[in-house]
Amino acid sequence: MNTEQSSEQSTYPSKPLTRFITDKANCWQLKEYQDLGGYDGFKRALTVSRAAVLDEIKASNLRGRGGAGFPTGLKWSFVPQGDDAPHPKYLIVNADEMEPGAFKDRLLLEKTPHQIIEGLLIGGYTLDADIGYIFIRGDYYSAIQHIEIALQECYDNNLLGKDILGSGFNFEIHIHTSAGRYICGEETALINALEGKRAIPRAKPPFPQVAGLWGKPTIVNNVETFCNLPHILNFGADWFKSLGRFKDAGTKIFGVSGRVKNPGLWELPMGTPIGEIIEHYAGGMSDGYKLKGYLPGGGSTDFLLAKHFDTPMDYDEIGKQRSRMGTGTIIVLDDKYCPVAMVLNLVKFFAQESCGWCTPCRDGLPWAAVLLEKIEQGKGELADIKQLEDLCKFAAPGNTFCALAPGAVEPLQSALNYFRDDFEKHITQKSCPYCEPIHSETTHD
Amino acid sequence: MTNMVTIYIDNLAHQVADDINLLQACLSLKLDIPYFCWHPAMGSVGACRQCAVMQYQNEADTRGRLVMSCMTPVSEGMRISFNHEKAETFRATNIEAMMTNHPHDCPVCEEGGDCHLQDMTLLTGHITRRYPGTKRTHNNQYLGPFLNHEMNRCIGCYRCVRFYRDYCGGNDLNVFSSKNNIFFGRAEPGNLENEFSGNLAEVCPTGVFTDKPFSQHYIRKWDLQSAPSICTHCSVGCNTYVTERGGIIRKINNRYNAAINGHFLCDRGRFAYQHVNHDNKLTQVWSRTQQNSQQENQQKNQSQITHVLDNEQAHSQLSQWLNETDAQVLGIGSARSSLENNAALHKLVGGNNFYAGIANNELKQLQLLIKTYQSKQVALVSLSQIEQSDAVLLVGEDVTQTAPRLALSIRQMTKNAGIAKAAKLGIKPWQDEAVRNISQESKSPLIIINTDETKLADVAKYNLNLAPNKQLELLVEIEAYLTCKYAPTPSAETFSDLAIAIADELLAANNPVLITGTHSFDIALLSACLRLSILLRKHKKNSGFYCATSSINALGLSLLAQPEHDIDNLLRSIKATPPTLLIIMETDLYRYCANEKLSEYLDNIKHIVVIEQIMNDTVKMADLVLPAASFAEQHSSWLNNEGRLQRAYAVMPASDMRQTPVQWLAQHNALDDGQNLYRYMQTITPLLQPIMQLVTTDKSDFPVARQPMRSSARTAFFANIDVKEYAPKRDEKSNLTFTMEGVAGFRQQTLDNSQHKITTPVTGVWSPKWNSNQALSKSLSNTLNDSSVQDEADSNLGLKIFDRINRQEFTVPAAQIYSPSQPLNNLSICPQHHIYSNDELADYSSSIQQLRPEPVISLNQQQAKHLSLKSGENITISSDDYNISLPCFISKTLADQVVLVPFTEFLRLGTNMHVATKHSAGNADGDANE
Amino acid sequence: MTLANEIPTNETVELSDVEKAQIDTLLLKTPYASGASIDALKIIQNHRGWVSDASLLALALYLNLPLADLDSVATFYNLIFRQPVGKVVLHPCDGISCDLMGGQKIRQCLNKQLKISNGQTTDDNQFTLIPLPCLGACDKAPVMIANETLFELIQAENLPLILNNLIEEKST
Ligand SMILES: Cc1cc2nc3c(=O)[nH]c(=O)nc-3n(C[C@H](O)[C@H](O)[C@H](O)COP(=O)(O)O)c2cc1C
Ligand code: SF4
Ligand code: FES
């Protein structure tokens, strides 16, 4: 293998996650990946003890990129270790990306399948796991295709299967393509889906780390989380921490969608200010549009405004502004699109995707959707706003069985806060003040 | 281990047990915490979110956070608030959200007034509807004769599927679709297949699943009279409430008994009552006399006239026959009649002339059981103890068909391994979903030895389908292995892997239970079971034994009957010397005997008196028919298969001329006083001594109402008949009133935990604001293992007679290994049981009739090939006096060398039967005539 | 590779050998048959276009799983079709990023052109219209998936051409 050639990238890259993404059409394949130093992180891991790898990951301060930002090393440390630990242990890549406005995992899945596999292998080795799953959204056809080929390449090259690279470590990876439903992204619902059940979240405790898939220890992490591991192993925890511009470590794939000049995805340091992402990378608003607000981390985060542009994209900093980092994919609301319609779209989505298990979500969200539709159509009453506020409190975190419903009301509650006059105008004018009336659409199951 | 801890609810300190969840603890403290998805028997899943309360970290914490009380364990010093505004608002919004799709159709809903949803809605203060949208609607399904389906009423608590699937193991009911479109039902319309489906009517907190026969004669709950009763349709003795109005039984509800049925009944028990309302029930005294002397010699049925007698005539007729100079009187007692009735007949005819209305081999089995129980070498366990055991060996009895509630308990037992596994991770048993996720496929061992696969097969570790002689061999081998293991002999015996594996499973358990039954009619198998159980108990102190018997009072009847005083011997005796008078009490002999032979014998008897509830073939042979009160019209005592004495109360006065056999016979047996009757019982057997304690509760100082306080029609009961109101009937025999006057019987149970010791019967459950059966949750004792805490002497649980006697020596004879009954094909002919065709009275229930299987004779593939039979071809089985010809069913799971015959046909065939041929009856006759 | 779509009937169906073989490989990977149920349903759907009652029953028998369990799962997931669908299933995105960029207009054009509302199939059985939420291509909004292909930056004018090509592709 020609390590020389990849030296440029492998010496402390600043954009580790996307460093394998080149202009080459087949940059996602094994040879290209290895040519640029792929699987070096895994090989390094094999040279040290499991505990040492876990320590490195803990030290890196890596936080889960699936939305909640839970420290990955800490999560992993709950997995039972040692000779009497139950087996098989499972590692699952959560590639079910379905959050409105989120499109970052698809990039990694399509362009760097080996990076994900390498992350899984590192995790598998660290946790003495036996089987990995890639749980991928069924609509990501080309990603599925690439992963299937990549897995075969690994089996053919002793990177998967028995006695991998002569290390004595055995590991299998299966791919499961989902049959739909956003709730499958919730990690315990995902486990139920893998067991061939309805994707209803599970009660915790027990946490999956202790009793997950088929009752065995299981780790679920986001695609992007896994992608960070090879680099942490390769370049060390200190390097990783140094990448962030604020408190959080590493880089993150940020994205912007909506009426901006240059919608897209960029790998940027954690802590990059929101304004910089929207104004600089996304090129600011398209001509003729003004920014009204934005959801900083996808469809289940609270609105923020232009006045929050200085906030670094760091888990706790965004939290301080009463929103969330979420998936780090920003959805921009312009001044020509009705905020009520936007929230209606989102609440309808979440009502539609409710698994049907707990009351606030199953019956509360459709109720909110009915009220929003009523307001949007100019048939609302002021009392409806109070009802919407009640419903936001109703589905607050802790009140529901999982985080779907609390996430669902985040855009709503912040819209009621920031864009309240828009709601009131709908009611007093008895019509939508934004140009295009939104017709109610028949829903689908 | 249960410890008591102090918790603070809205700043008041309370003592609660630490093994239950916060919701249950609060309910037991009489707090009105609303809930839906929790159920005391099924635990918590946290789905409905109705039970929210505020929890605080400590005294300093003023913010608190909302928690679901059902998902929260109690712990020392924990602080919660039920009344906090945030919690109150949340609960109110929650129910408001649930009701957004509810149709508000209470006026036409069978659940109305008995509805947990109604209660909870009012309790949380949701009165005004704010939701402006349309409601989602669903199509309903046909679910069979037991349940109605009205999906629009669903509030999505998931209790139905959790009960049906997780608790009962049913797999034809499920939840479909998602979000607020979830649908609970079957994949396709059709009969619900599980034997416990009827409980859905009680488990569903609203009116999605309601009792179908009930809706055919529907009455609002508050207009129903109710009395505590015992289910008489199998030997388990589940506790029920029977409800009535206008002389019609309306519905059976579960009556919580922590030791037996807990919260659930089987469908036979719930729906069999329709025999009491049957068109053919007997209500008058009929007498048949010979027409005239000129036709004296002609056949009976050509010369008879039948007429109705009044009470006095009936008695004088009976008295005349009893006192004929050459009178030779025999009586047949009944396994489905009360102890009182049997004792009264026993007194009338005398012990020597009293025959148990059961077959010879069954009586032998029962008397072997009694002797063994008296010797106290086996520990008789209750259903709740079975549920808590950790291994079951189930031999020779398809309990789902013969003692269904027992099967449900065995199913619960298999979950204990998973519960233990979860406990290791700190998960409490009531955390239902978590326990299931952890336990996955791990199950406590259930080993089934039977002729064919049963409905418990899905949870069994071993399903061994063997011919009876092979079953016996295996048991004897296990016994030998155990003996050897604990007292090794020099001659090294060898044992099969299977025998060793089974024995090891039992020895690995802490409290293994051996369960069998008398429905194999195989005394050798029963002896082997008893011997094995005795041996096992020597090594495993906590091992238990349970034996299902044929009928509710089979064990009680065999206490009264002398050995060999059974139907077979009765017929033998009649054949030799016909008595002048035969009194047949509540036994349809035609179910037990070859019909032609029986008619021939009966024809030779001068007078036949039949005391019976319903018209049947035996009644048709009677010269005098005395109409008997049903279980619902009499106060009665029953001895179930564990030797548990229980008391049932009449819910209504006996209709027309119906009386209990005790009453019919009172004038003739000098036992007209109740006390005398019970004293007489004790002279037959001292085992029945505890009955005195049981019946004293009948008379307490104050009356108890059978009607709930809210009875809306106290003075309008007969409005459709007459403008004047009749005086309510009086109940002379108990302190229950047929009115709403008296202590509110419905409220008694809620006092259970207080100092008041309840000695009066409870006629229903009720608690302020709780009108549905869920009121029970307010009175359950506040620890997890209810039965272990409840006082065993508490007469609410019944009295176990074998616990109260001194040990008597007895050695169970070793079982003789036999060869199958018919050497030719090496075939064993065994009875096939079915929940809906096994029980005599249940046969008269129209909804049960609809589910009766077509009678077939089953055999396996090899056997069919051997007899060159194709599926559906007729096969004939003959005995000395009887033969049957039925289509054959080729079973994939049936043991080799076994033929299964429908139970009643099996009884009629008697002992000496064999497979005649697959061909027509003509051929078979040739074979059978010896 | 989709076979002619199965027509709803009361008749029983048998799984094909190919289907059985594919399901068998699934079963090798899972400790319990139930673990294969969703993937198996997708296999059936790949071959038959949708999952009819009859094929659901055939699958239940093959996997030895209760029919109600399988249907409970099948009806939960929205990409398992329990009703017949047309030759081409159109999944225009109705996520918020697409709507911000005029996604709703695209869907309305589809409704108009095909003369069906969402969830319906055209009379000639060519198209079924099932909008899906956020398809994960928000920077290229509005988007649509059909025939396993993602169409980006859709403009209403281009729809007739897109639809035409889809049908042709399917017919060859
Ligand atoms: C309704 C819901 C949907 C979710 N969807 C996803 C998803 O699509 N992808 C993902 O990685 N995490 C998703 N999550 C978060 C996961 O539950 C889980 O926290 C995450 O996979 C953990 O990975 P991480 O620690 O690497 O972030 C979702 C959570 C909820 C409540
Ligand atoms: S909040 Fe409740 S109903 Fe909604 S998805 Fe989570 S568990 Fe299901
Ligand atoms: S009873 Fe507690 S959540 Fe349903």
# chains A, B, ... in the order shown; residues from 1 in each chain; ligands from 1
call {"tool": "residues_near_ligand", "arguments": {"ligand": "ligand 2", "cutoff": "7 Å", "atoms": "only C-alpha atoms and all ligand atoms", "output": "list in words"}}
result
Ile183, Ile200, Pro201, Ser354, Cys355, Gly356, Trp357, Cys358, Thr359, Cys361, Arg362, Thr400, Phe401, Cys402, Ala403, Leu404 and Ala405 of chain A; Lys179 of chain B
call {"tool": "write_last_selection", "arguments": {"atoms": "N, CA and C atoms", "output": "PDB file, in the first residue's frame"}}
result
ATOM      1  N   ILE A 183     -39.809   6.818  13.170  1.00  0.00           N
ATOM      2  CA  ILE A 183     -39.564   6.369  14.533  1.00  0.00           C
ATOM      3  C   ILE A 183     -38.483   5.303  14.584  1.00  0.00           C
ATOM      4  N   ILE A 200     -41.752   0.272  17.990  1.00  0.00           N
ATOM      5  CA  ILE A 200     -42.209   1.000  19.169  1.00  0.00           C
ATOM      6  C   ILE A 200     -40.990   1.153  20.074  1.00  0.00           C
ATOM      7  N   PRO A 201     -40.735   2.347  20.589  1.00  0.00           N
ATOM      8  CA  PRO A 201     -39.594   2.473  21.500  1.00  0.00           C
ATOM      9  C   PRO A 201     -39.746   1.557  22.719  1.00  0.00           C
ATOM     10  N   SER A 354     -45.852   9.271  14.316  1.00  0.00           N
ATOM     11  CA  SER A 354     -46.003   8.747  15.669  1.00  0.00           C
ATOM     12  C   SER A 354     -46.199   7.236  15.598  1.00  0.00           C
ATOM     13  N   CYS A 355     -45.551   6.558  16.524  1.00  0.00           N
ATOM     14  CA  CYS A 355     -45.677   5.102  16.489  1.00  0.00           C
ATOM     15  C   CYS A 355     -47.025   4.663  17.019  1.00  0.00           C
ATOM     16  N   GLY A 356     -47.717   5.538  17.734  1.00  0.00           N
ATOM     17  CA  GLY A 356     -49.046   5.182  18.226  1.00  0.00           C
ATOM     18  C   GLY A 356     -49.042   4.592  19.618  1.00  0.00           C
ATOM     19  N   TRP A 357     -47.923   4.682  20.298  1.00  0.00           N
ATOM     20  CA  TRP A 357     -47.831   4.033  21.607  1.00  0.00           C
ATOM     21  C   TRP A 357     -48.355   4.921  22.736  1.00  0.00           C
ATOM     22  N   CYS A 358     -47.873   6.158  22.808  1.00  0.00           N
ATOM     23  CA  CYS A 358     -48.272   6.948  23.975  1.00  0.00           C
ATOM     24  C   CYS A 358     -49.193   8.101  23.587  1.00  0.00           C
ATOM     25  N   THR A 359     -50.037   8.467  24.513  1.00  0.00           N
ATOM     26  CA  THR A 359     -51.157   9.359  24.224  1.00  0.00           C
ATOM     27  C   THR A 359     -50.755  10.764  23.768  1.00  0.00           C
ATOM     28  N   CYS A 361     -48.407  11.951  22.144  1.00  0.00           N
ATOM     29  CA  CYS A 361     -47.921  11.970  20.774  1.00  0.00           C
ATOM     30  C   CYS A 361     -49.008  11.490  19.818  1.00  0.00           C
ATOM     31  N   ARG A 362     -49.567  10.337  20.111  1.00  0.00           N
ATOM     32  CA  ARG A 362     -50.539   9.729  19.201  1.00  0.00           C
ATOM     33  C   ARG A 362     -51.769  10.614  19.020  1.00  0.00           C
ATOM     34  N   THR A 400     -43.624  12.081  27.476  1.00  0.00           N
ATOM     35  CA  THR A 400     -43.932  11.055  26.495  1.00  0.00           C
ATOM     36  C   THR A 400     -42.959   9.907  26.641  1.00  0.00           C
ATOM     37  N   PHE A 401     -43.218   8.871  25.901  1.00  0.00           N
ATOM     38  CA  PHE A 401     -42.413   7.660  26.059  1.00  0.00           C
ATOM     39  C   PHE A 401     -41.063   7.799  25.378  1.00  0.00           C
ATOM     40  N   CYS A 402     -41.007   8.564  24.302  1.00  0.00           N
ATOM     41  CA  CYS A 402     -39.721   8.770  23.652  1.00  0.00           C
ATOM     42  C   CYS A 402     -39.614  10.227  23.250  1.00  0.00           C
ATOM     43  N   ALA A 403     -38.555  10.569  22.540  1.00  0.00           N
ATOM     44  CA  ALA A 403     -38.290  11.979  22.266  1.00  0.00           C
ATOM     45  C   ALA A 403     -38.984  12.493  21.008  1.00  0.00           C
ATOM     46  N   LEU A 404     -39.802  11.651  20.360  1.00  0.00           N
ATOM     47  CA  LEU A 404     -40.413  12.120  19.118  1.00  0.00           C
ATOM     48  C   LEU A 404     -41.351  13.290  19.360  1.00  0.00           C
ATOM     49  N   ALA A 405     -42.279  13.106  20.261  1.00  0.00           N
ATOM     50  CA  ALA A 405     -43.275  14.157  20.467  1.00  0.00           C
ATOM     51  C   ALA A 405     -42.676  15.442  21.025  1.00  0.00           C
TER      52      ALA A 405
ATOM     53  N   LYS B 179     -49.681   5.260  14.403  1.00  0.00           N
ATOM     54  CA  LYS B 179     -50.109   6.612  14.813  1.00  0.00           C
ATOM     55  C   LYS B 179     -51.515   6.582  15.427  1.00  0.00           C
TER      56      LYS B 179
END
call {"tool": "residues_near_ligand", "arguments": {"ligand": "ligand 1", "cutoff": "7 Å", "atoms": "only C-alpha atoms and all ligand atoms", "output": "MDAnalysis selection string"}}
result
chainID A and resid 63:72 94:99 182:187 220:223 225 402:404
call {"tool": "residues_around", "arguments": {"residues": "Gly556 in chain B", "least_positions_apart": "4", "cutoff": "10 Å", "atoms": "only C-alpha atoms", "output": "PyMOL selection string"}}
result
chain B and resi 334-339+342-343+366+370+551-552+560-561+637-641+643-645+687-688
call {"tool": "interface_residues", "arguments": {"of": "chain B", "to": "chain A", "cutoff": "7 Å", "atoms": "only C-alpha atoms", "output": "list of chain:residue names"}}
result
B:Ala47, B:Cys48, B:Arg49, B:Leu66, B:Phe90, B:Thr93, B:Asn94, B:Ala97, B:Met98, B:Tyr131, B:Gly133, B:Ser178, B:Lys179, B:Asn180, B:Ile182, B:Glu433, B:Ala434, B:Asn437, B:Ile438, B:Ser439, B:Gln440
call {"tool": "write_last_selection", "arguments": {"atoms": "C-alpha atoms", "output": "compact mmCIF listing (two decimals), in the first residue's frame"}}
result
# COMPACT_ATOMS: atom_id res chain seq x y z
CA ALA B 47 -48.03 3.81 27.30
CA CYS B 48 -51.14 5.72 28.27
CA ARG B 49 -49.36 8.38 30.39
CA LEU B 66 -43.40 14.61 35.92
CA PHE B 90 -51.19 17.03 32.29
CA THR B 93 -55.07 17.11 28.84
CA ASN B 94 -54.07 13.51 28.42
CA ALA B 97 -56.45 13.91 23.94
CA MET B 98 -57.61 10.33 24.28
CA TYR B 131 -60.94 19.46 19.99
CA GLY B 133 -61.52 18.12 14.38
CA SER B 178 -49.76 3.03 13.52
CA LYS B 179 -50.11 6.61 14.81
CA ASN B 180 -53.67 7.51 15.77
CA ILE B 182 -54.04 1.94 15.37
CA GLU B 433 -42.07 -4.60 28.69
CA ALA B 434 -38.57 -4.38 30.08
CA ASN B 437 -37.15 -7.51 26.31
CA ILE B 438 -34.61 -8.93 28.68
CA SER B 439 -36.05 -12.37 28.93
CA GLN B 440 -36.60 -12.84 25.20
call {"tool": "residues_near_ligand", "arguments": {"ligand": "ligand 3", "cutoff": "12 Å", "atoms": "only C-alpha atoms and all ligand atoms", "output": "short mmCIF file (atom, residue, chain, number, x, y, z; two decimals) with C-alpha atoms, in the first residue's frame"}}
result
data_model
loop_
_atom_site.label_atom_id
_atom_site.label_comp_id
_atom_site.auth_asym_id
_atom_site.auth_seq_id
_atom_site.Cartn_x
_atom_site.Cartn_y
_atom_site.Cartn_z
CA ALA A 203 -38.79 1.15 28.12
CA TRP A 357 -47.83 4.03 21.61
CA CYS A 358 -48.27 6.95 23.98
CA THR A 359 -51.16 9.36 24.22
CA PRO A 360 -49.58 12.85 24.05
CA GLY A 398 -40.40 13.48 30.00
CA ASN A 399 -44.13 13.47 29.37
CA THR A 400 -43.93 11.05 26.50
CA PHE A 401 -42.41 7.66 26.06
CA ASN B 21 -44.81 0.48 41.73
CA LEU B 22 -45.86 3.90 42.85
CA LEU B 23 -49.23 3.72 41.10
CA GLN B 24 -50.24 0.54 42.82
CA LEU B 27 -54.16 3.12 44.73
CA ILE B 33 -54.82 8.08 40.53
CA PRO B 34 -56.22 7.54 37.06
CA TYR B 35 -54.57 4.98 34.79
CA PHE B 36 -55.31 2.90 31.72
CA CYS B 37 -52.45 0.78 30.50
CA TRP B 38 -51.41 -0.59 33.86
CA HIS B 39 -53.11 -3.72 35.10
CA PRO B 40 -52.37 -5.41 38.40
CA MET B 42 -50.00 -7.46 33.65
CA GLY B 43 -47.77 -4.81 35.11
CA SER B 44 -46.66 -1.50 33.65
CA VAL B 45 -45.62 -0.34 30.21
CA GLY B 46 -46.02 3.40 30.49
CA ALA B 47 -48.03 3.81 27.30
CA CYS B 48 -51.14 5.72 28.27
CA ARG B 49 -49.36 8.38 30.39
CA GLN B 50 -52.47 8.83 32.49
CA CYS B 51 -50.92 8.08 35.85
CA ALA B 52 -48.51 11.03 35.90
CA VAL B 53 -47.46 12.57 39.22
CA LEU B 66 -43.40 14.61 35.92
CA VAL B 67 -43.10 10.84 36.15
CA MET B 68 -45.42 8.01 35.29
CA SER B 69 -46.28 6.50 38.63
CA CYS B 70 -46.79 3.05 37.10
CA MET B 71 -43.18 3.07 35.87
CA THR B 72 -41.69 4.34 39.10
CA PRO B 73 -40.54 2.00 41.87
CA ARG B 91 -53.59 14.27 33.32
CA ASN B 94 -54.07 13.51 28.42
CA ILE B 95 -57.57 12.20 28.79
CA MET B 120 -61.33 8.28 34.71
CA ILE B 155 -58.40 4.86 23.42
CA GLY B 156 -55.26 2.94 22.54
CA CYS B 157 -54.18 1.66 25.94
CA TYR B 158 -52.87 -1.61 24.43
CA ARG B 159 -54.26 -3.63 27.31
CA PRO B 205 -61.21 -0.04 29.92
CA TRP B 430 -43.94 -5.47 37.10
CA GLN B 431 -41.87 -3.64 34.50
CA ASP B 432 -43.58 -5.74 31.94
CA SER B 777 -57.41 -1.92 42.15
#
call {"tool": "residues_around", "arguments": {"residues": "Ala137 in chain C", "least_positions_apart": "2", "cutoff": "8 Å", "atoms": "only C-alpha atoms", "output": "number ranges by chain"}}
result
A: 102-103; C: 134-135, 139-141, 143, 152
call {"tool": "write_last_selection", "arguments": {"atoms": "N, CA, C and O atoms", "output": "PDB file, in the first residue's frame"}}
result
ATOM      1  N   ALA A 102     -32.743  16.932   7.288  1.00  0.00           N
ATOM      2  CA  ALA A 102     -31.441  16.300   7.518  1.00  0.00           C
ATOM      3  C   ALA A 102     -31.043  15.498   6.288  1.00  0.00           C
ATOM      4  O   ALA A 102     -31.827  14.702   5.797  1.00  0.00           O
ATOM      5  N   PHE A 103     -29.843  15.740   5.809  1.00  0.00           N
ATOM      6  CA  PHE A 103     -29.388  14.989   4.629  1.00  0.00           C
ATOM      7  C   PHE A 103     -27.896  14.735   4.684  1.00  0.00           C
ATOM      8  O   PHE A 103     -27.244  14.479   3.693  1.00  0.00           O
TER       9      PHE A 103
ATOM     10  N   CYS C 134     -39.403  14.035   3.990  1.00  0.00           N
ATOM     11  CA  CYS C 134     -37.990  14.328   3.740  1.00  0.00           C
ATOM     12  C   CYS C 134     -37.152  13.173   3.205  1.00  0.00           C
ATOM     13  O   CYS C 134     -36.846  12.216   3.900  1.00  0.00           O
ATOM     14  N   LEU C 135     -36.788  13.264   1.954  1.00  0.00           N
ATOM     15  CA  LEU C 135     -36.044  12.193   1.305  1.00  0.00           C
ATOM     16  C   LEU C 135     -34.535  12.356   1.442  1.00  0.00           C
ATOM     17  O   LEU C 135     -33.764  11.631   0.837  1.00  0.00           O
ATOM     18  N   ASP C 139     -30.862  19.874  -0.078  1.00  0.00           N
ATOM     19  CA  ASP C 139     -30.151  20.918  -0.811  1.00  0.00           C
ATOM     20  C   ASP C 139     -30.517  20.899  -2.289  1.00  0.00           C
ATOM     21  O   ASP C 139     -30.151  21.797  -3.031  1.00  0.00           O
ATOM     22  N   LYS C 140     -31.235  19.873  -2.721  1.00  0.00           N
ATOM     23  CA  LYS C 140     -31.614  19.765  -4.119  1.00  0.00           C
ATOM     24  C   LYS C 140     -33.132  19.844  -4.266  1.00  0.00           C
ATOM     25  O   LYS C 140     -33.708  19.303  -5.193  1.00  0.00           O
ATOM     26  N   ALA C 141     -33.781  20.458  -3.286  1.00  0.00           N
ATOM     27  CA  ALA C 141     -35.236  20.479  -3.248  1.00  0.00           C
ATOM     28  C   ALA C 141     -35.791  21.281  -4.428  1.00  0.00           C
ATOM     29  O   ALA C 141     -35.139  22.222  -4.892  1.00  0.00           O
ATOM     30  N   VAL C 143     -37.588  17.393  -4.492  1.00  0.00           N
ATOM     31  CA  VAL C 143     -37.125  16.109  -5.025  1.00  0.00           C
ATOM     32  C   VAL C 143     -38.241  15.075  -5.026  1.00  0.00           C
ATOM     33  O   VAL C 143     -39.301  15.270  -4.422  1.00  0.00           O
ATOM     34  N   GLU C 152     -33.890  15.309  -8.678  1.00  0.00           N
ATOM     35  CA  GLU C 152     -33.591  16.502  -7.891  1.00  0.00           C
ATOM     36  C   GLU C 152     -34.035  17.759  -8.608  1.00  0.00           C
ATOM     37  O   GLU C 152     -34.192  17.761  -9.822  1.00  0.00           O
TER      38      GLU C 152
END
call {"tool": "residues_around", "arguments": {"residues": "Ser442 in chain B", "least_positions_apart": "6", "cutoff": "9 Å", "atoms": "only C-alpha atoms", "output": "MDAnalysis selection string"}}
result
chainID B and resid 414:418 421
call {"tool": "write_last_selection", "arguments": {"atoms": "all heavy atoms", "output": "compact mmCIF listing (two decimals), in the first residue's frame"}}
result
# COMPACT_ATOMS: atom_id res chain seq x y z
N THR B 414 -43.99 -20.05 33.22
CA THR B 414 -42.84 -20.11 32.31
C THR B 414 -42.12 -18.77 32.22
O THR B 414 -40.99 -18.71 31.78
CB THR B 414 -43.27 -20.54 30.89
OG1 THR B 414 -44.17 -19.57 30.35
CG2 THR B 414 -43.95 -21.90 30.91
N LYS B 415 -42.78 -17.72 32.66
CA LYS B 415 -42.15 -16.40 32.55
C LYS B 415 -41.14 -16.13 33.67
O LYS B 415 -40.41 -15.15 33.62
CB LYS B 415 -43.23 -15.31 32.58
CG LYS B 415 -44.13 -15.39 31.37
CD LYS B 415 -45.27 -14.41 31.44
CE LYS B 415 -46.17 -14.57 30.22
NZ LYS B 415 -47.49 -13.98 30.41
N ASN B 416 -41.13 -16.99 34.66
CA ASN B 416 -40.33 -16.67 35.84
C ASN B 416 -38.83 -16.63 35.58
O ASN B 416 -38.12 -15.85 36.21
CB ASN B 416 -40.66 -17.63 36.99
CG ASN B 416 -42.06 -17.35 37.52
OD1 ASN B 416 -42.55 -16.23 37.38
ND2 ASN B 416 -42.70 -18.35 38.10
N ALA B 417 -38.36 -17.45 34.65
CA ALA B 417 -36.93 -17.41 34.35
C ALA B 417 -36.55 -16.03 33.83
O ALA B 417 -35.53 -15.46 34.22
CB ALA B 417 -36.57 -18.47 33.32
N GLY B 418 -37.42 -15.48 32.97
CA GLY B 418 -37.16 -14.14 32.43
C GLY B 418 -37.23 -13.08 33.51
O GLY B 418 -36.43 -12.15 33.53
N LYS B 421 -34.10 -13.22 35.39
CA LYS B 421 -33.01 -12.64 34.59
C LYS B 421 -33.06 -11.12 34.68
O LYS B 421 -32.04 -10.46 34.84
CB LYS B 421 -33.20 -13.09 33.14
CG LYS B 421 -31.98 -13.06 32.28
CD LYS B 421 -32.27 -13.84 30.99
CE LYS B 421 -31.43 -13.34 29.83
NZ LYS B 421 -31.92 -13.86 28.56
call {"tool": "closest_atom_pairs", "arguments": {"of": "chain C", "to": "chain B", "cutoff": "8 Å", "atoms": "only C-alpha atoms", "output": "Markdown table"}}
result
| residue | atom | partner | partner_atom | distance |
| --- | --- | --- | --- | --- |
| C:Pro66 | CA | B:Asn171 | CA | 6.1 |
| C:Leu67 | CA | B:Ala187 | CA | 6.7 |
| C:Ala68 | CA | B:Ala187 | CA | 4.9 |
| C:Asp69 | CA | B:Asn174 | CA | 6.7 |
| C:Asp71 | CA | B:Ala187 | CA | 6.5 |
| C:Ser72 | CA | B:Phe176 | CA | 4.5 |
| C:Val73 | CA | B:Phe176 | CA | 7.3 |
| C:Thr75 | CA | B:Ser177 | CA | 4.6 |
| C:Phe76 | CA | B:Ser177 | CA | 4.5 |
| C:Tyr77 | CA | B:Ser177 | CA | 7.8 |
call {"tool": "select_by_dssp", "arguments": {"residues": "range 549-689 of chain B", "states": "alpha helix (DSSP H)", "output": "MDAnalysis selection string"}}
result
chainID B and resid 554:560 567:576 595:603 661:669 674:684
